[in-house]
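Content type PDB, C-alpha atoms, pLDDT in the B column, from the file input-v2.pdb:
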```
ATOM      1  CA  MET D   1       5.348 -97.590 -36.729  1.00 45.00           C
ATOM      2  CA  ALA D   2       3.083 -95.922 -39.223  1.00 58.00           C
ATOM      3  CA  SER D   3       5.544 -96.041 -42.105  1.00 76.00           C
ATOM      4  CA  THR D   4       6.234 -99.227 -44.027  1.00 86.00           C
ATOM      5  CA  ILE D   5       9.051 -97.419 -45.849  1.00 87.00           C
ATOM      6  CA  LEU D   6      10.764 -96.732 -42.524  1.00 88.00           C
ATOM      7  CA  ASP D   7      10.325-100.386 -41.518  1.00 90.00           C
ATOM      8  CA  ALA D   8      12.020-101.493 -44.753  1.00 91.00           C
ATOM      9  CA  LEU D   9      14.839 -99.002 -44.199  1.00 92.00           C
ATOM     10  CA  LEU D  10      15.473-100.269 -40.655  1.00 93.00           C
ATOM     11  CA  ALA D  11      15.484-103.885 -41.878  1.00 94.00           C
ATOM     12  CA  ASP D  12      18.049-102.981 -44.550  1.00 95.00           C
ATOM     13  CA  ILE D  13      20.209-101.210 -41.942  1.00 95.00           C
ATOM     14  CA  LYS D  14      20.287-104.429 -39.888  1.00 96.00           C
ATOM     15  CA  THR D  15      21.141-106.480 -42.980  1.00 95.00           C
ATOM     16  CA  ALA D  16      23.948-104.085 -43.924  1.00 94.00           C
ATOM     17  CA  MET D  17      25.324-104.283 -40.363  1.00 95.00           C
ATOM     18  CA  LYS D  18      25.363-108.080 -40.424  1.00 95.00           C
ATOM     19  CA  ALA D  19      26.989-108.135 -43.873  1.00 95.00           C
ATOM     20  CA  GLN D  20      29.491-105.457 -42.770  1.00 94.00           C
ATOM     21  CA  GLU D  21      28.747-103.270 -45.806  1.00 93.00           C
ATOM     22  CA  LYS D  22      30.202-100.061 -44.399  1.00 93.00           C
ATOM     23  CA  GLU D  23      29.380 -97.665 -47.260  1.00 92.00           C
ATOM     24  CA  LYS D  24      25.795 -98.908 -47.556  1.00 94.00           C
ATOM     25  CA  LEU D  25      25.323 -98.830 -43.785  1.00 94.00           C
ATOM     26  CA  LEU D  26      26.601 -95.259 -43.534  1.00 94.00           C
ATOM     27  CA  SER D  27      24.291 -94.150 -46.353  1.00 94.00           C
ATOM     28  CA  LEU D  28      21.228 -95.841 -44.866  1.00 95.00           C
ATOM     29  CA  ARG D  29      21.940 -94.460 -41.391  1.00 95.00           C
ATOM     30  CA  THR D  30      22.289 -90.976 -42.858  1.00 94.00           C
ATOM     31  CA  LEU D  31      18.890 -91.302 -44.523  1.00 94.00           C
ATOM     32  CA  HIS D  32      17.376 -92.665 -41.311  1.00 94.00           C
ATOM     33  CA  ALA D  33      18.772 -89.660 -39.394  1.00 95.00           C
ATOM     34  CA  GLU D  34      17.181 -87.246 -41.896  1.00 93.00           C
ATOM     35  CA  ILE D  35      13.817 -88.984 -41.432  1.00 91.00           C
ATOM     36  CA  LYS D  36      14.160 -88.915 -37.634  1.00 92.00           C
ATOM     37  CA  ASN D  37      14.995 -85.199 -37.738  1.00 93.00           C
ATOM     38  CA  LEU D  38      11.715 -84.494 -39.522  1.00 89.00           C
ATOM     39  CA  GLU D  39       9.907 -86.698 -37.016  1.00 89.00           C
ATOM     40  CA  LEU D  40      11.360 -84.592 -34.175  1.00 90.00           C
ATOM     41  CA  ILE D  41      10.394 -81.349 -35.896  1.00 90.00           C
ATOM     42  CA  GLU D  42       6.846 -82.558 -36.625  1.00 85.00           C
ATOM     43  CA  GLN D  43       6.589 -84.139 -33.149  1.00 87.00           C
ATOM     44  CA  LYS D  44       4.557 -87.040 -34.477  1.00 85.00           C
ATOM     45  CA  GLU D  45       5.020 -90.377 -36.190  1.00 84.00           C
ATOM     46  CA  LEU D  46       5.502 -89.903 -39.920  1.00 81.00           C
ATOM     47  CA  SER D  47       3.342 -91.420 -42.633  1.00 81.00           C
ATOM     48  CA  ASP D  48       4.718 -93.017 -45.799  1.00 80.00           C
ATOM     49  CA  GLY D  49       3.980 -89.755 -47.632  1.00 78.00           C
ATOM     50  CA  ASN D  50       6.161 -87.731 -45.246  1.00 82.00           C
ATOM     51  CA  VAL D  51       8.954 -90.302 -45.365  1.00 87.00           C
ATOM     52  CA  ALA D  52       8.799 -90.413 -49.172  1.00 84.00           C
ATOM     53  CA  GLY D  53       9.114 -86.617 -49.212  1.00 83.00           C
ATOM     54  CA  VAL D  54      12.294 -86.791 -47.113  1.00 88.00           C
ATOM     55  CA  ILE D  55      13.717 -89.505 -49.377  1.00 90.00           C
ATOM     56  CA  ALA D  56      12.887 -87.554 -52.548  1.00 86.00           C
ATOM     57  CA  LYS D  57      14.607 -84.483 -51.095  1.00 89.00           C
ATOM     58  CA  ALA D  58      17.677 -86.542 -50.153  1.00 92.00           C
ATOM     59  CA  ILE D  59      17.880 -87.999 -53.673  1.00 91.00           C
ATOM     60  CA  LYS D  60      17.598 -84.543 -55.222  1.00 89.00           C
ATOM     61  CA  GLN D  61      20.342 -83.191 -52.939  1.00 93.00           C
ATOM     62  CA  ARG D  62      22.647 -86.081 -53.829  1.00 94.00           C
ATOM     63  CA  ALA D  63      22.036 -85.613 -57.559  1.00 92.00           C
ATOM     64  CA  GLU D  64      22.871 -81.898 -57.309  1.00 94.00           C
ATOM     65  CA  SER D  65      25.996 -82.657 -55.266  1.00 95.00           C
ATOM     66  CA  ALA D  66      27.121 -85.274 -57.798  1.00 94.00           C
ATOM     67  CA  GLU D  67      26.812 -82.718 -60.621  1.00 95.00           C
ATOM     68  CA  GLN D  68      28.909 -80.200 -58.674  1.00 95.00           C
ATOM     69  CA  PHE D  69      31.549 -82.800 -57.835  1.00 95.00           C
ATOM     70  CA  LYS D  70      31.774 -83.859 -61.487  1.00 94.00           C
ATOM     71  CA  ALA D  71      32.154 -80.231 -62.558  1.00 95.00           C
ATOM     72  CA  ALA D  72      35.003 -79.885 -60.041  1.00 94.00           C
ATOM     73  CA  GLY D  73      36.675 -83.059 -61.318  1.00 94.00           C
ATOM     74  CA  ARG D  74      35.995 -85.053 -58.129  1.00 94.00           C
ATOM     75  CA  THR D  75      34.592 -88.242 -59.650  1.00 93.00           C
ATOM     76  CA  ASP D  76      35.281 -90.200 -56.437  1.00 94.00           C
ATOM     77  CA  LEU D  77      32.884 -87.993 -54.467  1.00 94.00           C
ATOM     78  CA  ALA D  78      30.406 -87.860 -57.366  1.00 94.00           C
ATOM     79  CA  ASP D  79      30.349 -91.676 -57.466  1.00 94.00           C
ATOM     80  CA  ARG D  80      29.564 -91.807 -53.732  1.00 93.00           C
ATOM     81  CA  GLU D  81      26.670 -89.354 -54.145  1.00 94.00           C
ATOM     82  CA  GLU D  82      25.308 -91.345 -57.106  1.00 94.00           C
ATOM     83  CA  PHE D  83      25.600 -94.583 -55.105  1.00 94.00           C
ATOM     84  CA  GLN D  84      23.564 -93.050 -52.283  1.00 93.00           C
ATOM     85  CA  SER D  85      21.002 -91.637 -54.688  1.00 91.00           C
ATOM     86  CA  GLY D  86      20.534 -95.044 -56.330  1.00 91.00           C
ATOM     87  CA  LEU D  87      20.305 -96.733 -52.951  1.00 93.00           C
ATOM     88  CA  PHE D  88      17.623 -94.318 -51.709  1.00 92.00           C
ATOM     89  CA  THR D  89      15.507 -94.682 -54.867  1.00 89.00           C
ATOM     90  CA  LYS D  90      14.576 -98.194 -53.709  1.00 89.00           C
ATOM     91  CA  TYR D  91      12.529 -96.705 -50.855  1.00 89.00           C
ATOM     92  CA  LEU D  92      10.418 -94.342 -52.939  1.00 85.00           C
ATOM     93  CA  PRO D  93       6.921 -95.390 -53.952  1.00 79.00           C
ATOM     94  CA  ALA D  94       6.316 -95.966 -57.664  1.00 80.00           C
ATOM     95  CA  GLN D  95       6.484 -92.679 -59.548  1.00 81.00           C
ATOM     96  CA  LEU D  96       3.377 -91.363 -61.293  1.00 83.00           C
ATOM     97  CA  SER D  97       3.272 -91.291 -65.083  1.00 84.00           C
ATOM     98  CA  LYS D  98       2.822 -87.999 -66.918  1.00 84.00           C
ATOM     99  CA  GLU D  99      -0.764 -89.015 -67.801  1.00 87.00           C
ATOM    100  CA  GLU D 100      -1.601 -89.665 -64.133  1.00 88.00           C
ATOM    101  CA  ILE D 101      -0.102 -86.305 -63.172  1.00 88.00           C
ATOM    102  CA  GLU D 102      -2.115 -84.552 -65.883  1.00 87.00           C
ATOM    103  CA  ALA D 103      -5.329 -86.195 -64.635  1.00 90.00           C
ATOM    104  CA  ILE D 104      -4.651 -85.043 -61.050  1.00 90.00           C
ATOM    105  CA  VAL D 105      -3.824 -81.511 -62.263  1.00 89.00           C
ATOM    106  CA  THR D 106      -6.957 -81.342 -64.439  1.00 89.00           C
ATOM    107  CA  ALA D 107      -9.117 -82.371 -61.465  1.00 89.00           C
ATOM    108  CA  ALA D 108      -7.409 -79.799 -59.226  1.00 88.00           C
ATOM    109  CA  ILE D 109      -7.937 -77.041 -61.814  1.00 87.00           C
ATOM    110  CA  ALA D 110     -11.646 -77.871 -61.925  1.00 87.00           C
ATOM    111  CA  GLU D 111     -11.871 -78.024 -58.120  1.00 85.00           C
ATOM    112  CA  ALA D 112     -10.064 -74.693 -57.684  1.00 83.00           C
ATOM    113  CA  GLY D 113     -12.003 -73.027 -60.503  1.00 83.00           C
ATOM    114  CA  ALA D 114      -8.674 -71.872 -61.928  1.00 81.00           C
ATOM    115  CA  VAL D 115      -8.782 -69.857 -65.148  1.00 82.00           C
ATOM    116  CA  GLY D 116      -5.216 -68.698 -65.715  1.00 80.00           C
ATOM    117  CA  ARG D 117      -1.622 -68.622 -64.523  1.00 82.00           C
ATOM    118  CA  GLN D 118      -2.571 -66.297 -61.661  1.00 85.00           C
ATOM    119  CA  ASP D 119      -4.377 -69.293 -60.087  1.00 83.00           C
ATOM    120  CA  MET D 120      -1.296 -71.516 -60.188  1.00 85.00           C
ATOM    121  CA  GLY D 121      -0.775 -71.311 -56.419  1.00 86.00           C
ATOM    122  CA  LYS D 122      -4.324 -72.533 -55.730  1.00 86.00           C
ATOM    123  CA  VAL D 123      -3.860 -75.504 -58.044  1.00 87.00           C
ATOM    124  CA  MET D 124      -0.407 -76.411 -56.685  1.00 88.00           C
ATOM    125  CA  LYS D 125      -1.785 -76.334 -53.134  1.00 88.00           C
ATOM    126  CA  LEU D 126      -4.350 -78.983 -54.130  1.00 88.00           C
ATOM    127  CA  VAL D 127      -2.011 -81.123 -56.231  1.00 88.00           C
ATOM    128  CA  MET D 128       1.137 -81.361 -54.081  1.00 86.00           C
ATOM    129  CA  PRO D 129      -0.344 -83.312 -51.135  1.00 83.00           C
ATOM    130  CA  GLN D 130      -1.668 -85.927 -53.594  1.00 83.00           C
ATOM    131  CA  VAL D 131       1.665 -86.460 -55.366  1.00 83.00           C
ATOM    132  CA  LYS D 132       4.154 -85.986 -52.507  1.00 75.00           C
ATOM    133  CA  GLY D 133       7.017 -88.410 -53.010  1.00 70.00           C
ATOM    134  CA  LYS D 134       5.403 -89.865 -56.143  1.00 79.00           C
ATOM    135  CA  ALA D 135       6.435 -87.181 -58.626  1.00 81.00           C
ATOM    136  CA  ASP D 136       9.069 -84.481 -59.032  1.00 78.00           C
ATOM    137  CA  GLY D 137       7.805 -81.007 -58.107  1.00 79.00           C
ATOM    138  CA  LYS D 138       9.446 -79.541 -61.207  1.00 82.00           C
ATOM    139  CA  ILE D 139       7.369 -81.803 -63.481  1.00 85.00           C
ATOM    140  CA  ILE D 140       4.202 -80.940 -61.550  1.00 87.00           C
ATOM    141  CA  ASN D 141       4.960 -77.236 -61.929  1.00 87.00           C
ATOM    142  CA  GLU D 142       5.470 -77.612 -65.698  1.00 87.00           C
ATOM    143  CA  VAL D 143       2.212 -79.555 -66.139  1.00 88.00           C
ATOM    144  CA  VAL D 144       0.210 -77.021 -64.102  1.00 88.00           C
ATOM    145  CA  ALA D 145       1.731 -74.092 -66.002  1.00 87.00           C
ATOM    146  CA  ALA D 146       1.005 -75.744 -69.362  1.00 87.00           C
ATOM    147  CA  LYS D 147      -2.584 -76.569 -68.428  1.00 84.00           C
ATOM    148  CA  LEU D 148      -3.293 -73.073 -67.085  1.00 83.00           C
ATOM    149  CA  SER D 149      -1.785 -71.259 -70.060  1.00 80.00           C
ATOM    150  CA  GLY D 150      -3.137 -73.633 -72.730  1.00 68.00           C
ATOM    151  CA  PRO D 151      -6.571 -73.710 -74.351  1.00 58.00           C
ATOM    152  CA  GLN D 152      -7.696 -76.598 -72.076  1.00 47.00           C
ATOM    153  CA  ALA D 153      -7.852 -74.410 -68.953  1.00 39.00           C
TER     154      ALA D 153
END
```
For this file, produce the structure as structure tokens.
Amino acid sequence: MASTILDALLADIKTAMKAQEKEKLLSLRTLHAEIKNLELIEQKELSDGNVAGVIAKAIKQRAESAEQFKAAGRTDLADREEFQSGLFTKYLPAQLSKEEIEAIVTAAIAEAGAVGRQDMGKVMKLVMPQVKGKADGKIINEVVAAKLSGPQA
């Protein structure tokens, strides 16, 4: 397999089966199914970057669900979503610091020759493949917007 993250996930599924940790096993199998679905769609073996993207999306979905469950007064379901989110975080690569993100964005702005907010799409297209799974897209968007509208651009 091309993905070390997927290897770690499969090893943890086996461990959870042997330990009979039903909730953990169900969560890990769900994540594995989401990764396999992308693999079927892409029709190729996934890299760590692709797998990290799936995991980041799953974590974001669980966080949003937990918020909605809390708002509806369903703390039992919110707790389950938070458990899964925390469990999945283990498989993500180390997240980039704001300084590292700013350095990548600054390099992309120079490479794209971007001069203003109208060039945001060009810059995002260069930045996102480099940070996939290592940083939240919302933070990237904010940094790019700030750099393109500020005096540094």
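For the set D:Arg80, D:Lys24, D:Lys36, D:Lys132, the residue with the smallest atom-to-atom gap to Leu6 (chain D) is D:Lys36, counting all atoms listed in the file.
Our summary of the geometry notes that CA of Ile35 (chain D) is positioned 27.4 Å from CA of Lys70 (chain D).
Selection check: the PyMOL selection byres ((chain D and resi 135-147) around 7) on the shown file gives Gln95, Leu96, Glu102, Val105, Arg117, Met120, Val131, Lys132, Gly133, Lys134, Leu148, Ser149, Gly150, Gln152 and Ala153 of chain D.
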Would you write out, as a compact mmCIF listing (two decimals) with C-alpha atoms, keeping the file's coordinate frame, every residue that the PyMOL selection byres ((chain D and resi 27) around 12) captures in this file?
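That gives us selection-v1.txt:
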```
# COMPACT_ATOMS: atom_id res chain seq x y z
CA LEU D 9 14.84 -99.00 -44.20
CA ASP D 12 18.05 -102.98 -44.55
CA ILE D 13 20.21 -101.21 -41.94
CA ALA D 16 23.95 -104.08 -43.92
CA MET D 17 25.32 -104.28 -40.36
CA GLU D 21 28.75 -103.27 -45.81
CA LYS D 22 30.20 -100.06 -44.40
CA GLU D 23 29.38 -97.66 -47.26
CA LYS D 24 25.80 -98.91 -47.56
CA LEU D 25 25.32 -98.83 -43.78
CA LEU D 26 26.60 -95.26 -43.53
CA LEU D 28 21.23 -95.84 -44.87
CA ARG D 29 21.94 -94.46 -41.39
CA THR D 30 22.29 -90.98 -42.86
CA LEU D 31 18.89 -91.30 -44.52
CA HIS D 32 17.38 -92.66 -41.31
CA ALA D 33 18.77 -89.66 -39.39
CA GLU D 34 17.18 -87.25 -41.90
CA ILE D 55 13.72 -89.50 -49.38
CA ALA D 58 17.68 -86.54 -50.15
CA ILE D 59 17.88 -88.00 -53.67
CA ARG D 62 22.65 -86.08 -53.83
CA ARG D 80 29.56 -91.81 -53.73
CA GLU D 81 26.67 -89.35 -54.14
CA GLU D 82 25.31 -91.34 -57.11
CA PHE D 83 25.60 -94.58 -55.10
CA GLN D 84 23.56 -93.05 -52.28
CA SER D 85 21.00 -91.64 -54.69
CA GLY D 86 20.53 -95.04 -56.33
CA LEU D 87 20.30 -96.73 -52.95
CA PHE D 88 17.62 -94.32 -51.71
```
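As for CA of Ala52 (chain D) and CA of Lys98 (chain D), they are spaced 18.9 Å apart.
Within the file as shown, the PyMOL selection byres ((chain D and resi 5) around 8) identifies Ser3, Thr4, Leu6, Asp7, Ala8, Leu9, Asp48, Val51, Ala52, Tyr91 and Leu92 of chain D.
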Expected file: the selected residues, C-alpha atoms, as a PDB file, in the coordinates of the input:
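File written: selection-v7.pdb
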```pdb
ATOM      1  CA  SER D   3       5.544 -96.041 -42.105  1.00 76.00           C
ATOM      2  CA  THR D   4       6.234 -99.227 -44.027  1.00 86.00           C
ATOM      3  CA  LEU D   6      10.764 -96.732 -42.524  1.00 88.00           C
ATOM      4  CA  ASP D   7      10.325-100.386 -41.518  1.00 90.00           C
ATOM      5  CA  ALA D   8      12.020-101.493 -44.753  1.00 91.00           C
ATOM      6  CA  LEU D   9      14.839 -99.002 -44.199  1.00 92.00           C
ATOM      7  CA  ASP D  48       4.718 -93.017 -45.799  1.00 80.00           C
ATOM      8  CA  VAL D  51       8.954 -90.302 -45.365  1.00 87.00           C
ATOM      9  CA  ALA D  52       8.799 -90.413 -49.172  1.00 84.00           C
ATOM     10  CA  TYR D  91      12.529 -96.705 -50.855  1.00 89.00           C
ATOM     11  CA  LEU D  92      10.418 -94.342 -52.939  1.00 85.00           C
TER      12      LEU D  92
END
```
So which residues touch Asp119 (chain D) within 9 Å, counting all atoms listed in the file, skipping near sequence neighbours fewer than 5 positions away, as an mmCIF file with C-alpha atoms, in the coordinates of the input?
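Result saved to around.cif:
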```
data_model
loop_
_atom_site.group_PDB
_atom_site.id
_atom_site.type_symbol
_atom_site.label_atom_id
_atom_site.label_comp_id
_atom_site.auth_asym_id
_atom_site.auth_seq_id
_atom_site.Cartn_x
_atom_site.Cartn_y
_atom_site.Cartn_z
ATOM 1 C CA ILE D 109 -7.937 -77.041 -61.814
ATOM 2 C CA ALA D 112 -10.064 -74.693 -57.684
ATOM 3 C CA GLY D 113 -12.003 -73.027 -60.503
ATOM 4 C CA ALA D 114 -8.674 -71.872 -61.928
ATOM 5 C CA MET D 124 -0.407 -76.411 -56.685
ATOM 6 C CA LEU D 148 -3.293 -73.073 -67.085
#
```
To one decimal place, how far is CA of Val115 (chain D) from CA of Met128 (chain D) in Å? 18.8 Å
Fill-in result for region 37-65 of chain D, N, CA and C atoms as a tab-separated table (two decimals), in the coordinates of the input:
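Below is the file that was written, part.tsv:
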```tsv
chain	number	residue	atom	x	y	z
D	37	ASN	N	14.99	-86.64	-37.97
D	37	ASN	CA	15.00	-85.20	-37.74
D	37	ASN	C	13.64	-84.60	-38.06
D	38	LEU	N	13.04	-85.00	-39.18
D	38	LEU	CA	11.72	-84.49	-39.52
D	38	LEU	C	10.69	-84.94	-38.49
D	39	GLU	N	10.83	-86.17	-38.03
D	39	GLU	CA	9.91	-86.70	-37.02
D	39	GLU	C	9.98	-85.85	-35.74
D	40	LEU	N	11.19	-85.44	-35.35
D	40	LEU	CA	11.36	-84.59	-34.17
D	40	LEU	C	10.76	-83.21	-34.39
D	41	ILE	N	10.94	-82.67	-35.58
D	41	ILE	CA	10.39	-81.35	-35.90
D	41	ILE	C	8.87	-81.39	-35.89
D	42	GLU	N	8.31	-82.42	-36.53
D	42	GLU	CA	6.85	-82.56	-36.62
D	42	GLU	C	6.23	-83.00	-35.30
D	43	GLN	N	7.02	-83.61	-34.44
D	43	GLN	CA	6.59	-84.14	-33.15
D	43	GLN	C	5.43	-85.13	-33.27
D	44	LYS	N	5.54	-85.97	-34.30
D	44	LYS	CA	4.56	-87.04	-34.48
D	44	LYS	C	5.18	-88.12	-35.35
D	45	GLU	N	4.55	-89.29	-35.35
D	45	GLU	CA	5.02	-90.38	-36.19
D	45	GLU	C	4.71	-90.03	-37.65
D	46	LEU	N	5.65	-90.29	-38.52
D	46	LEU	CA	5.50	-89.90	-39.92
D	46	LEU	C	4.78	-90.97	-40.73
D	47	SER	N	4.01	-90.51	-41.71
D	47	SER	CA	3.34	-91.42	-42.63
D	47	SER	C	4.29	-91.74	-43.78
D	48	ASP	N	3.90	-92.68	-44.62
D	48	ASP	CA	4.72	-93.02	-45.80
D	48	ASP	C	4.90	-91.80	-46.71
D	49	GLY	N	3.88	-90.95	-46.80
D	49	GLY	CA	3.98	-89.76	-47.63
D	49	GLY	C	5.06	-88.81	-47.14
D	50	ASN	N	5.12	-88.59	-45.83
D	50	ASN	CA	6.16	-87.73	-45.25
D	50	ASN	C	7.55	-88.32	-45.45
D	51	VAL	N	7.67	-89.62	-45.22
D	51	VAL	CA	8.95	-90.30	-45.36
D	51	VAL	C	9.41	-90.25	-46.82
D	52	ALA	N	8.47	-90.47	-47.75
D	52	ALA	CA	8.80	-90.41	-49.17
D	52	ALA	C	9.27	-89.01	-49.56
D	53	GLY	N	8.69	-88.00	-48.95
D	53	GLY	CA	9.11	-86.62	-49.21
D	53	GLY	C	10.56	-86.38	-48.78
D	54	VAL	N	10.92	-86.92	-47.61
D	54	VAL	CA	12.29	-86.79	-47.11
D	54	VAL	C	13.26	-87.52	-48.05
D	55	ILE	N	12.86	-88.71	-48.49
D	55	ILE	CA	13.72	-89.50	-49.38
D	55	ILE	C	13.89	-88.80	-50.72
D	56	ALA	N	12.80	-88.27	-51.27
D	56	ALA	CA	12.89	-87.55	-52.55
D	56	ALA	C	13.82	-86.35	-52.43
D	57	LYS	N	13.73	-85.64	-51.32
D	57	LYS	CA	14.61	-84.48	-51.10
D	57	LYS	C	16.07	-84.92	-51.00
D	58	ALA	N	16.31	-86.03	-50.30
D	58	ALA	CA	17.68	-86.54	-50.15
D	58	ALA	C	18.25	-86.95	-51.51
D	59	ILE	N	17.43	-87.58	-52.34
D	59	ILE	CA	17.88	-88.00	-53.67
D	59	ILE	C	18.22	-86.78	-54.52
D	60	LYS	N	17.36	-85.77	-54.45
D	60	LYS	CA	17.60	-84.54	-55.22
D	60	LYS	C	18.89	-83.86	-54.77
D	61	GLN	N	19.12	-83.80	-53.46
D	61	GLN	CA	20.34	-83.19	-52.94
D	61	GLN	C	21.57	-83.95	-53.42
D	62	ARG	N	21.50	-85.28	-53.40
D	62	ARG	CA	22.65	-86.08	-53.83
D	62	ARG	C	22.92	-85.91	-55.32
D	63	ALA	N	21.86	-85.81	-56.12
D	63	ALA	CA	22.04	-85.61	-57.56
D	63	ALA	C	22.71	-84.27	-57.84
D	64	GLU	N	22.26	-83.23	-57.13
D	64	GLU	CA	22.87	-81.90	-57.31
D	64	GLU	C	24.33	-81.90	-56.86
D	65	SER	N	24.62	-82.57	-55.75
D	65	SER	CA	26.00	-82.66	-55.27
D	65	SER	C	26.88	-83.40	-56.26
```
